[in-house]
$ cat start16.txt   # compact mmCIF, C-alpha atoms and all ligand atoms
# COMPACT_ATOMS: atom_id res chain seq x y z
CA MET Z 1090 -0.78 -3.92 23.55
CA ALA Z 1091 0.54 -6.38 26.13
CA GLN Z 1092 3.28 -8.67 24.93
CA THR Z 1093 4.57 -11.93 26.28
CA ALA Z 1094 8.31 -12.18 25.89
CA GLY Z 1095 9.42 -14.93 23.55
CA ALA Z 1096 6.19 -16.90 23.43
CA ALA Z 1097 3.82 -16.80 20.48
CA ARG Z 1098 0.58 -15.13 21.47
CA THR Z 1099 -2.96 -16.19 20.80
CA PHE Z 1100 -4.64 -14.20 18.04
CA PRO Z 1101 -6.87 -12.39 17.57
CA GLN Z 1102 -7.91 -10.56 20.69
CA GLY Z 1103 -11.29 -9.27 19.58
CA GLU Z 1104 -14.44 -10.24 17.70
CA PRO Z 1105 -13.42 -12.05 14.49
CA ILE Z 1106 -14.53 -10.82 11.08
CA ILE Z 1107 -12.62 -13.53 9.19
CA GLN Z 1108 -12.37 -17.14 10.31
CA CYS Z 1109 -10.46 -19.76 8.33
CA GLN Z 1110 -10.41 -23.26 9.74
CA GLY Z 1111 -8.41 -26.15 8.36
CA VAL Z 1112 -8.28 -24.62 4.89
CA HIS Z 1113 -6.57 -26.62 2.15
CA LYS Z 1114 -6.19 -25.82 -1.50
CA TRP Z 1115 -4.65 -27.65 -4.41
CA TYR Z 1116 -3.75 -26.44 -7.89
CA GLY Z 1117 -4.17 -29.80 -9.62
CA GLU Z 1118 -1.75 -32.07 -7.76
CA PHE Z 1119 0.07 -29.21 -6.10
CA HIS Z 1120 -0.91 -28.70 -2.45
CA VAL Z 1121 -0.67 -24.92 -2.21
CA LEU Z 1122 -2.43 -24.21 1.11
CA LYS Z 1123 -2.00 -26.64 3.97
CA ASN Z 1124 -4.32 -26.55 6.94
CA ILE Z 1125 -4.61 -22.78 7.27
CA ASP Z 1126 -6.18 -21.61 10.52
CA LEU Z 1127 -6.59 -17.87 10.61
CA SER Z 1128 -8.87 -15.67 12.61
CA VAL Z 1129 -8.85 -11.91 12.06
CA ALA Z 1130 -10.44 -9.46 14.48
CA LYS Z 1131 -12.34 -6.38 13.40
CA GLY Z 1132 -9.89 -3.52 13.06
CA GLU Z 1133 -6.87 -5.79 13.08
CA ARG Z 1134 -3.92 -4.99 10.80
CA ILE Z 1135 -2.05 -8.01 9.58
CA VAL Z 1136 1.07 -8.20 7.47
CA ILE Z 1137 1.72 -11.47 5.65
CA CYS Z 1138 5.23 -12.22 4.51
CA GLY Z 1139 7.16 -15.20 3.26
CA PRO Z 1140 9.22 -16.41 0.31
CA SER Z 1141 7.93 -16.14 -3.22
CA GLY Z 1142 5.65 -19.07 -4.03
CA SER Z 1143 4.74 -19.74 -0.40
CA GLY Z 1144 1.00 -19.24 -1.03
CA LYS Z 1145 0.48 -15.68 0.28
CA SER Z 1146 -1.48 -14.46 -2.75
CA THR Z 1147 -3.46 -17.67 -2.93
CA MET Z 1148 -4.42 -17.37 0.72
CA ILE Z 1149 -5.72 -13.82 0.55
CA ARG Z 1150 -7.41 -14.49 -2.80
CA CYS Z 1151 -9.35 -17.29 -1.12
CA LEU Z 1152 -10.78 -14.71 1.29
CA ASN Z 1153 -12.90 -13.18 -1.47
CA ARG Z 1154 -13.13 -16.34 -3.56
CA LEU Z 1155 -10.89 -15.18 -6.37
CA GLU Z 1156 -9.52 -18.66 -5.67
CA GLU Z 1157 -11.58 -21.48 -4.25
CA HIS Z 1158 -10.44 -23.75 -1.44
CA GLN Z 1159 -11.20 -27.43 -1.47
CA LYS Z 1160 -11.26 -28.30 2.22
CA GLY Z 1161 -11.98 -26.49 5.48
CA SER Z 1162 -14.13 -23.42 6.03
CA ILE Z 1163 -13.76 -19.71 5.40
CA ILE Z 1164 -16.29 -17.40 7.03
CA VAL Z 1165 -16.22 -13.66 6.35
CA ASP Z 1166 -18.48 -11.40 8.38
CA GLY Z 1167 -20.67 -14.37 9.22
CA ILE Z 1168 -20.99 -15.57 5.62
CA GLU Z 1169 -19.43 -18.88 4.65
CA LEU Z 1170 -17.63 -19.00 1.30
CA THR Z 1171 -18.81 -22.07 -0.57
CA GLY Z 1172 -19.95 -22.57 -4.14
CA ASN Z 1173 -23.03 -20.48 -3.26
CA LEU Z 1174 -22.90 -17.54 -5.67
CA LYS Z 1175 -25.07 -15.32 -3.51
CA ASN Z 1176 -22.64 -15.72 -0.62
CA ILE Z 1177 -19.67 -15.00 -2.87
CA GLU Z 1178 -21.32 -11.83 -4.07
CA LEU Z 1179 -22.13 -10.75 -0.50
CA VAL Z 1180 -18.57 -11.34 0.68
CA ARG Z 1181 -17.04 -9.53 -2.30
CA ARG Z 1182 -19.07 -6.45 -1.42
CA GLU Z 1183 -17.49 -6.42 2.02
CA VAL Z 1184 -13.92 -7.15 0.98
CA GLY Z 1185 -11.87 -4.70 -1.08
CA MET Z 1186 -8.75 -5.83 -2.84
CA VAL Z 1187 -5.73 -3.95 -4.14
CA PHE Z 1188 -3.33 -5.76 -6.46
CA GLN Z 1189 0.32 -5.37 -7.35
CA HIS Z 1190 -0.53 -4.18 -10.86
CA PHE Z 1191 -3.40 -1.82 -9.92
CA ASN Z 1192 -5.87 -3.44 -12.35
CA LEU Z 1193 -7.66 -0.17 -13.15
CA PHE Z 1194 -9.94 -0.11 -16.19
CA PRO Z 1195 -7.74 1.64 -18.78
CA HIS Z 1196 -10.64 2.93 -20.91
CA LEU Z 1197 -12.38 4.64 -17.96
CA THR Z 1198 -11.36 7.86 -16.25
CA VAL Z 1199 -10.17 7.84 -12.66
CA LEU Z 1200 -13.60 9.03 -11.56
CA GLU Z 1201 -15.40 6.40 -13.68
CA ASN Z 1202 -13.13 3.70 -12.25
CA CYS Z 1203 -14.34 4.74 -8.83
CA THR Z 1204 -18.05 5.04 -9.59
CA LEU Z 1205 -18.54 1.94 -11.76
CA ALA Z 1206 -19.13 -0.60 -9.00
CA PRO Z 1207 -21.06 1.72 -6.67
CA ILE Z 1208 -23.47 2.52 -9.53
CA TRP Z 1209 -23.82 -1.00 -10.96
CA VAL Z 1210 -23.37 -3.16 -7.86
CA ARG Z 1211 -24.56 -0.90 -5.04
CA LYS Z 1212 -27.16 0.81 -7.28
CA LYS Z 1213 -26.12 4.26 -6.10
CA PRO Z 1214 -27.39 7.27 -8.06
CA LYS Z 1215 -24.61 8.63 -10.27
CA ALA Z 1216 -24.35 12.00 -8.51
CA GLU Z 1217 -24.06 10.34 -5.12
CA ALA Z 1218 -21.45 7.87 -6.41
CA GLU Z 1219 -19.42 10.73 -7.88
CA GLU Z 1220 -19.60 12.72 -4.69
CA MET Z 1221 -18.34 9.76 -2.70
CA ALA Z 1222 -15.63 9.01 -5.27
CA MET Z 1223 -14.36 12.57 -5.07
CA ARG Z 1224 -14.26 12.31 -1.28
CA TYR Z 1225 -12.05 9.22 -1.45
CA LEU Z 1226 -9.93 10.62 -4.27
CA LYS Z 1227 -9.30 13.64 -2.05
CA ARG Z 1228 -8.39 11.35 0.78
CA VAL Z 1229 -5.72 9.65 -1.34
CA ARG Z 1230 -4.72 13.11 -2.55
CA ILE Z 1231 -5.46 12.66 -6.22
CA ALA Z 1232 -8.79 14.44 -6.70
CA GLU Z 1233 -7.27 16.85 -9.22
CA GLN Z 1234 -6.61 13.91 -11.59
CA ALA Z 1235 -10.22 12.65 -11.53
CA LEU Z 1236 -10.85 13.20 -15.24
CA LYS Z 1237 -7.61 11.64 -16.46
CA TYR Z 1238 -7.19 8.07 -17.68
CA PRO Z 1239 -5.03 5.58 -15.73
CA GLY Z 1240 -2.39 5.57 -18.47
CA GLN Z 1241 -1.80 9.28 -17.86
CA LEU Z 1242 -0.84 8.69 -14.21
CA SER Z 1243 2.30 7.43 -12.51
CA GLY Z 1244 2.31 3.99 -10.88
CA GLY Z 1245 2.00 5.47 -7.40
CA GLN Z 1246 -0.93 7.61 -8.49
CA GLN Z 1247 -2.63 4.63 -10.14
CA GLN Z 1248 -2.24 2.58 -6.99
CA ARG Z 1249 -3.76 5.37 -4.90
CA VAL Z 1250 -6.70 5.45 -7.32
CA ALA Z 1251 -7.03 1.68 -6.94
CA ILE Z 1252 -7.24 2.12 -3.17
CA ALA Z 1253 -9.83 4.90 -3.52
CA ARG Z 1254 -11.83 2.71 -5.91
CA SER Z 1255 -11.95 -0.06 -3.32
CA LEU Z 1256 -12.96 2.34 -0.57
CA CYS Z 1257 -15.91 3.54 -2.68
CA MET Z 1258 -17.54 0.16 -2.00
CA SER Z 1259 -17.33 0.83 1.77
CA PRO Z 1260 -15.54 -2.44 2.46
CA LYS Z 1261 -15.26 -3.88 5.94
CA VAL Z 1262 -11.94 -5.53 5.10
CA MET Z 1263 -9.17 -4.51 2.74
CA LEU Z 1264 -6.76 -7.01 1.19
CA PHE Z 1265 -3.50 -5.76 -0.29
CA ASP Z 1266 -1.35 -8.05 -2.42
CA GLU Z 1267 2.12 -6.51 -2.67
CA PRO Z 1268 0.67 -3.08 -3.46
CA THR Z 1269 4.06 -1.39 -3.69
CA SER Z 1270 6.12 -4.11 -5.40
CA ALA Z 1271 5.57 -2.80 -8.91
CA LEU Z 1272 6.35 0.81 -8.00
CA ASP Z 1273 9.50 2.81 -8.50
CA PRO Z 1274 11.11 3.40 -5.09
CA GLU Z 1275 10.17 7.07 -4.91
CA MET Z 1276 6.48 6.17 -5.19
CA VAL Z 1277 6.38 3.54 -2.48
CA LYS Z 1278 5.99 6.03 0.34
CA GLU Z 1279 2.97 7.82 -1.11
CA VAL Z 1280 1.10 4.51 -1.27
CA LEU Z 1281 2.26 3.34 2.16
CA ASP Z 1282 1.16 6.68 3.61
CA VAL Z 1283 -2.35 6.09 2.31
CA MET Z 1284 -2.32 2.60 3.82
CA ILE Z 1285 -1.08 3.96 7.14
CA GLY Z 1286 -3.95 6.47 7.10
CA LEU Z 1287 -6.44 3.67 6.54
CA ALA Z 1288 -4.94 1.69 9.39
CA GLU Z 1289 -5.22 4.71 11.67
CA ASP Z 1290 -8.88 5.01 10.76
CA GLY Z 1291 -9.47 1.47 12.03
CA MET Z 1292 -9.80 -0.44 8.74
CA THR Z 1293 -9.35 -4.20 9.02
CA MET Z 1294 -6.40 -4.90 6.73
CA LEU Z 1295 -4.46 -7.90 5.50
CA CYS Z 1296 -1.38 -6.83 3.59
CA VAL Z 1297 1.02 -9.08 1.76
CA THR Z 1298 4.11 -6.93 1.63
CA HIS Z 1299 7.86 -6.96 1.94
CA GLU Z 1300 7.82 -3.48 3.46
CA MET Z 1301 9.07 -4.46 6.87
CA GLY Z 1302 9.12 -0.85 8.08
CA PHE Z 1303 5.38 -0.75 7.42
CA ALA Z 1304 4.97 -4.07 9.24
CA LYS Z 1305 6.85 -2.77 12.27
CA SER Z 1306 4.99 0.50 12.53
CA VAL Z 1307 1.46 -0.51 11.52
CA ALA Z 1308 0.82 -4.24 12.00
CA ASP Z 1309 -0.82 -5.73 15.05
CA ARG Z 1310 0.39 -9.11 13.84
CA VAL Z 1311 2.89 -10.44 11.33
CA ILE Z 1312 2.23 -13.82 9.73
CA PHE Z 1313 5.04 -15.76 8.11
CA MET Z 1314 4.12 -18.30 5.43
CA ASP Z 1315 6.34 -20.89 3.85
CA ARG Z 1316 5.44 -23.77 1.52
CA GLY Z 1317 1.70 -23.30 1.97
CA GLU Z 1318 1.72 -23.17 5.74
CA ILE Z 1319 1.47 -20.48 8.38
CA VAL Z 1320 4.79 -21.20 10.05
CA GLU Z 1321 4.75 -18.47 12.65
CA GLN Z 1322 2.79 -15.40 13.71
CA ASN Z 1323 3.43 -12.83 16.33
CA THR Z 1324 3.42 -9.14 17.17
CA PRO Z 1325 5.95 -7.28 15.00
CA ASN Z 1326 8.16 -6.72 17.99
CA GLU Z 1327 8.36 -10.42 18.86
CA PHE Z 1328 8.39 -11.52 15.24
CA PHE Z 1329 11.39 -9.43 14.27
CA ASN Z 1330 13.30 -9.57 17.55
CA SER Z 1331 12.81 -13.18 18.52
CA PRO Z 1332 11.67 -15.30 15.59
CA GLN Z 1333 10.94 -18.84 16.71
CA SER Z 1334 11.39 -21.12 13.73
CA GLU Z 1335 14.50 -21.71 11.66
CA ARG Z 1336 12.55 -20.97 8.49
CA THR Z 1337 11.54 -17.56 9.82
CA LYS Z 1338 15.09 -16.79 10.90
CA LEU Z 1339 16.39 -17.70 7.46
CA PHE Z 1340 13.78 -15.56 5.72
CA LEU Z 1341 14.48 -12.57 7.95
CA SER Z 1342 18.23 -12.91 7.44
CA GLN Z 1343 17.62 -12.66 3.70
CA ILE Z 1344 15.37 -9.63 3.67
CA LEU Z 1345 16.52 -7.45 6.57
P1 LIG C 1 3.11 -16.11 -3.28
O1 LIG C 1 2.06 -15.07 -3.40
O2 LIG C 1 3.51 -16.40 -1.86
O3 LIG C 1 4.33 -15.82 -4.12
P2 LIG C 1 1.26 -17.78 -4.74
O4 LIG C 1 0.05 -17.93 -3.87
O5 LIG C 1 1.16 -16.83 -5.85
O6 LIG C 1 2.53 -17.48 -3.82
O7 LIG C 1 1.65 -19.18 -5.35
C1 LIG C 1 1.90 -20.32 -4.55
C2 LIG C 1 2.30 -21.46 -5.46
O8 LIG C 1 1.19 -21.85 -6.25
C3 LIG C 1 3.43 -21.16 -6.42
O9 LIG C 1 4.24 -22.31 -6.52
C4 LIG C 1 2.73 -20.89 -7.72
O10 LIG C 1 3.54 -21.24 -8.82
C5 LIG C 1 1.52 -21.78 -7.62
N1 LIG C 1 0.36 -21.23 -8.35
C6 LIG C 1 -0.15 -19.99 -8.17
N2 LIG C 1 -1.24 -19.80 -8.94
C7 LIG C 1 -1.41 -20.96 -9.63
C8 LIG C 1 -2.35 -21.41 -10.62
N3 LIG C 1 -3.36 -20.63 -11.01
N4 LIG C 1 -2.19 -22.66 -11.10
C9 LIG C 1 -1.20 -23.46 -10.68
N5 LIG C 1 -0.27 -23.10 -9.77
C10 LIG C 1 -0.35 -21.87 -9.25
MG MG C 2 2.04 -13.28 -4.44
$ encode --input "start16.txt" --output "structure tokens" --more "lines below"
Ligand code: ADP
Ligand code: MG
Amino acid sequence: MAQTAGAARTFPQGEPIIQCQGVHKWYGEFHVLKNIDLSVAKGERIVICGPSGSGKSTMIRCLNRLEEHQKGSIIVDGIELTGNLKNIELVRREVGMVFQHFNLFPHLTVLENCTLAPIWVRKKPKAEAEEMAMRYLKRVRIAEQALKYPGQLSGGQQQRVAIARSLCMSPKVMLFDEPTSALDPEMVKEVLDVMIGLAEDGMTMLCVTHEMGFAKSVADRVIFMDRGEIVEQNTPNEFFNSPQSERTKLFLSQIL
């Protein structure tokens, strides 16, 4: 990809699947998202970083209406997120989400975790849902654990199941909120490897993560947030080698 030395580039460079314009959100009096403009192209891989409390989780949770914004517009795959429940449901079908703490259903097996939504939301026949689930469980290299319960798996294995479960809904976009932060160090790589595989297959991904190695090798764009704002965004190369704002420089000096 062509890069302009020093200068921030214009993003994205393809057809957008997500468009946020002038998005604001408040928690009560607290202004948590301030005038967020964000356009994401199909197939783009974005890493979002920034200090704790800067609004990263809130921002990506707004993209599937786990949080609601109060001002501005968010359009996902042509559907605007408003109070309209039908639209929310449509968008949630397109957008998979993986959380820090996996959020698997503890009383369901790995396989049942993966087939629940396809059967009940997508109305897939059980056999078809199970076949697809096994395909994705193989892809995250955990098919042999399909009949176990989440509590019988390691954190890394549970997170891979959570990714497979999302993929079973055939999402157009995947959101990751610090998917490796709760893992023991030796399990981080197995989850990142699955995410790298997804990126190589062309999945549109927004990942909140502090894994800067992942950002450097996989991201098309790194976004830095601070105090509810997008302060800076650039290609990983430019972002890490010539950060523009003082806030970005400070953040990078603390984590690298
Ligand atoms: P990050 O993911 O960057 O750490 P968050 O989006 O989780 O940041 O939170 C941004 C700010 O909003 C923090 O100050 C946090 O305390 C606050 N916040 C998050 N969720 C809520 C909530 N449900 N109610 C009130 N304040 C919240
Ligand atoms: Mg967060």
$ residues_near_ligand --input "start16.txt" --ligand "ligand LIG 1 (chain C)" --cutoff "9 Å" --atoms "all atoms listed in the file" --output "ChimeraX atom specification"
/Z:1115-1117,1119-1122,1138-1150,1156,1266-1267,1297,1314-1317
$ write_last_selection --input "start16.txt" --atoms "C-alpha atoms" --output "short mmCIF file (atom, residue, chain, number, x, y, z; two decimals), in the coordinates of the input"
data_model
loop_
_atom_site.label_atom_id
_atom_site.label_comp_id
_atom_site.auth_asym_id
_atom_site.auth_seq_id
_atom_site.Cartn_x
_atom_site.Cartn_y
_atom_site.Cartn_z
CA TRP Z 1115 -4.65 -27.65 -4.41
CA TYR Z 1116 -3.75 -26.44 -7.89
CA GLY Z 1117 -4.17 -29.80 -9.62
CA PHE Z 1119 0.07 -29.21 -6.10
CA HIS Z 1120 -0.91 -28.70 -2.45
CA VAL Z 1121 -0.67 -24.92 -2.21
CA LEU Z 1122 -2.43 -24.21 1.11
CA CYS Z 1138 5.23 -12.22 4.51
CA GLY Z 1139 7.16 -15.20 3.26
CA PRO Z 1140 9.22 -16.41 0.31
CA SER Z 1141 7.93 -16.14 -3.22
CA GLY Z 1142 5.65 -19.07 -4.03
CA SER Z 1143 4.74 -19.74 -0.40
CA GLY Z 1144 1.00 -19.24 -1.03
CA LYS Z 1145 0.48 -15.68 0.28
CA SER Z 1146 -1.48 -14.46 -2.75
CA THR Z 1147 -3.46 -17.67 -2.93
CA MET Z 1148 -4.42 -17.37 0.72
CA ILE Z 1149 -5.72 -13.82 0.55
CA ARG Z 1150 -7.41 -14.49 -2.80
CA GLU Z 1156 -9.52 -18.66 -5.67
CA ASP Z 1266 -1.35 -8.05 -2.42
CA GLU Z 1267 2.12 -6.51 -2.67
CA VAL Z 1297 1.02 -9.08 1.76
CA MET Z 1314 4.12 -18.30 5.43
CA ASP Z 1315 6.34 -20.89 3.85
CA ARG Z 1316 5.44 -23.77 1.52
CA GLY Z 1317 1.70 -23.30 1.97
#
$ closest_atom_pairs --input "start16.txt" --of "region 1212-1292 of chain Z" --to "region 1306-1309 of chain Z" --cutoff "10 Å" --atoms "only C-alpha atoms" --output "tab-separated table"
residue	atom	partner	partner_atom	distance
Z:Met1284	CA	Z:Val1307	CA	9.1
Z:Ile1285	CA	Z:Val1307	CA	6.8
Z:Gly1286	CA	Z:Val1307	CA	9.9
Z:Ala1288	CA	Z:Val1307	CA	7.1
Z:Glu1289	CA	Z:Val1307	CA	8.5
$ residues_around --input "start16.txt" --residues "Arg1134 (chain Z)" --least-positions-apart "6" --cutoff "12 Å" --atoms "only C-alpha atoms" --output "MDAnalysis selection string"
chainID Z and resid 1100:1101 1128 1262:1265 1284:1285 1287:1297 1303:1312 1324:1325
$ atom_distance --input "start16.txt" --atom1 "CA of Arg1224 (chain Z)" --atom2 "CA of Pro1268 (chain Z)"
21.6 Å
$ atom_distance --input "start16.txt" --atom1 "CA of Asp1273 (chain Z)" --atom2 "CA of His1299 (chain Z)"
14.4 Å
$ closest_residue --input "start16.txt" --among "Z:Gly1132, Z:Pro1207, Z:Pro1260, Z:Pro1239" --to "Pro1105 (chain Z)" --atoms "all atoms listed in the file"
Z:Gly1132
$ residues_around --input "start16.txt" --residues "region 1171-1179 of chain Z" --least-positions-apart "3" --cutoff "12 Å" --atoms "all atoms listed in the file" --output "list in words"
Cys1151, Leu1152, Asn1153, Arg1154, Leu1155, Glu1156, Glu1157, His1158, Gln1159, Lys1160, Gly1161, Ser1162, Ile1163, Ile1164, Val1165, Asp1166, Gly1167, Ile1168, Arg1182, Glu1183, Val1184, Gly1185, Val1210, Arg1211, Met1258, Pro1260 and Lys1261 of chain Z
$ residues_around --input "start16.txt" --residues "His1190 (chain Z)" --least-positions-apart "3" --cutoff "9 Å" --atoms "only C-alpha atoms" --output "ChimeraX atom specification"
/Z:1187,1193,1244,1248,1267-1272
$ closest_residue --input "start16.txt" --among "Z:Ile1137, Z:Thr1204, Z:Tyr1238, Z:Gln1108" --to "ligand MG 2 (chain C)" --atoms "all atoms listed in the file"
Z:Ile1137
$ atom_distance --input "start16.txt" --atom1 "CA of Gln1246 (chain Z)" --atom2 "CA of Val1283 (chain Z)"
11.0 Å
$ build_atoms --input "start16.txt" --residues "region 1125-1149 of chain Z" --atoms "N, CA and C atoms" --output "mmCIF file, in the coordinates of the input"
data_model
loop_
_atom_site.group_PDB
_atom_site.id
_atom_site.type_symbol
_atom_site.label_atom_id
_atom_site.label_comp_id
_atom_site.auth_asym_id
_atom_site.auth_seq_id
_atom_site.Cartn_x
_atom_site.Cartn_y
_atom_site.Cartn_z
ATOM 1 N N ILE Z 1125 -4.701 -24.169 6.801
ATOM 2 C CA ILE Z 1125 -4.610 -22.780 7.270
ATOM 3 C C ILE Z 1125 -5.696 -22.496 8.310
ATOM 4 N N ASP Z 1126 -5.271 -22.114 9.487
ATOM 5 C CA ASP Z 1126 -6.180 -21.610 10.520
ATOM 6 C C ASP Z 1126 -5.856 -20.133 10.699
ATOM 7 N N LEU Z 1127 -6.849 -19.306 10.515
ATOM 8 C CA LEU Z 1127 -6.590 -17.870 10.610
ATOM 9 C C LEU Z 1127 -7.860 -17.167 11.049
ATOM 10 N N SER Z 1128 -7.747 -16.446 12.126
ATOM 11 C CA SER Z 1128 -8.870 -15.670 12.610
ATOM 12 C C SER Z 1128 -8.418 -14.220 12.674
ATOM 13 N N VAL Z 1129 -9.219 -13.332 12.115
ATOM 14 C CA VAL Z 1129 -8.850 -11.910 12.060
ATOM 15 C C VAL Z 1129 -9.905 -11.106 12.791
ATOM 16 N N ALA Z 1130 -9.478 -10.281 13.726
ATOM 17 C CA ALA Z 1130 -10.440 -9.460 14.480
ATOM 18 C C ALA Z 1130 -10.783 -8.202 13.706
ATOM 19 N N LYS Z 1131 -11.974 -7.677 13.984
ATOM 20 C CA LYS Z 1131 -12.340 -6.380 13.400
ATOM 21 C C LYS Z 1131 -11.301 -5.335 13.777
ATOM 22 N N GLY Z 1132 -10.852 -4.590 12.789
ATOM 23 C CA GLY Z 1132 -9.890 -3.520 13.060
ATOM 24 C C GLY Z 1132 -8.447 -3.987 13.121
ATOM 25 N N GLU Z 1133 -8.243 -5.293 12.979
ATOM 26 C CA GLU Z 1133 -6.870 -5.790 13.080
ATOM 27 C C GLU Z 1133 -6.087 -5.499 11.792
ATOM 28 N N ARG Z 1134 -4.790 -5.258 11.952
ATOM 29 C CA ARG Z 1134 -3.920 -4.990 10.800
ATOM 30 C C ARG Z 1134 -2.864 -6.071 10.758
ATOM 31 N N ILE Z 1135 -2.922 -6.839 9.680
ATOM 32 C CA ILE Z 1135 -2.050 -8.010 9.580
ATOM 33 C C ILE Z 1135 -1.131 -7.850 8.377
ATOM 34 N N VAL Z 1136 0.121 -8.138 8.587
ATOM 35 C CA VAL Z 1136 1.070 -8.200 7.470
ATOM 36 C C VAL Z 1136 1.436 -9.660 7.259
ATOM 37 N N ILE Z 1137 1.368 -10.095 5.994
ATOM 38 C CA ILE Z 1137 1.720 -11.470 5.650
ATOM 39 C C ILE Z 1137 2.999 -11.423 4.823
ATOM 40 N N CYS Z 1138 3.990 -12.177 5.261
ATOM 41 C CA CYS Z 1138 5.230 -12.220 4.510
ATOM 42 C C CYS Z 1138 5.662 -13.666 4.324
ATOM 43 N N GLY Z 1139 6.683 -13.846 3.532
ATOM 44 C CA GLY Z 1139 7.160 -15.200 3.260
ATOM 45 C C GLY Z 1139 7.767 -15.259 1.891
ATOM 46 N N PRO Z 1140 8.535 -16.320 1.610
ATOM 47 C CA PRO Z 1140 9.220 -16.410 0.310
ATOM 48 C C PRO Z 1140 8.230 -16.428 -0.846
ATOM 49 N N SER Z 1141 8.726 -16.067 -2.003
ATOM 50 C CA SER Z 1141 7.930 -16.140 -3.220
ATOM 51 C C SER Z 1141 7.465 -17.571 -3.434
ATOM 52 N N GLY Z 1142 6.195 -17.730 -3.789
ATOM 53 C CA GLY Z 1142 5.650 -19.070 -4.030
ATOM 54 C C GLY Z 1142 5.150 -19.776 -2.790
ATOM 55 N N SER Z 1143 5.149 -19.071 -1.642
ATOM 56 C CA SER Z 1143 4.740 -19.740 -0.400
ATOM 57 C C SER Z 1143 3.219 -19.818 -0.224
ATOM 58 N N GLY Z 1144 2.466 -19.139 -1.093
ATOM 59 C CA GLY Z 1144 1.000 -19.240 -1.030
ATOM 60 C C GLY Z 1144 0.320 -18.003 -0.460
ATOM 61 N N LYS Z 1145 1.052 -16.899 -0.314
ATOM 62 C CA LYS Z 1145 0.480 -15.680 0.280
ATOM 63 C C LYS Z 1145 -0.676 -15.143 -0.570
ATOM 64 N N SER Z 1146 -0.421 -14.990 -1.872
ATOM 65 C CA SER Z 1146 -1.480 -14.460 -2.750
ATOM 66 C C SER Z 1146 -2.667 -15.412 -2.766
ATOM 67 N N THR Z 1147 -2.375 -16.694 -2.880
ATOM 68 C CA THR Z 1147 -3.460 -17.670 -2.930
ATOM 69 C C THR Z 1147 -4.312 -17.565 -1.659
ATOM 70 N N MET Z 1148 -3.661 -17.429 -0.526
ATOM 71 C CA MET Z 1148 -4.420 -17.370 0.720
ATOM 72 C C MET Z 1148 -5.340 -16.158 0.756
ATOM 73 N N ILE Z 1149 -4.813 -14.970 0.433
ATOM 74 C CA ILE Z 1149 -5.720 -13.820 0.550
ATOM 75 C C ILE Z 1149 -6.763 -13.823 -0.583
#
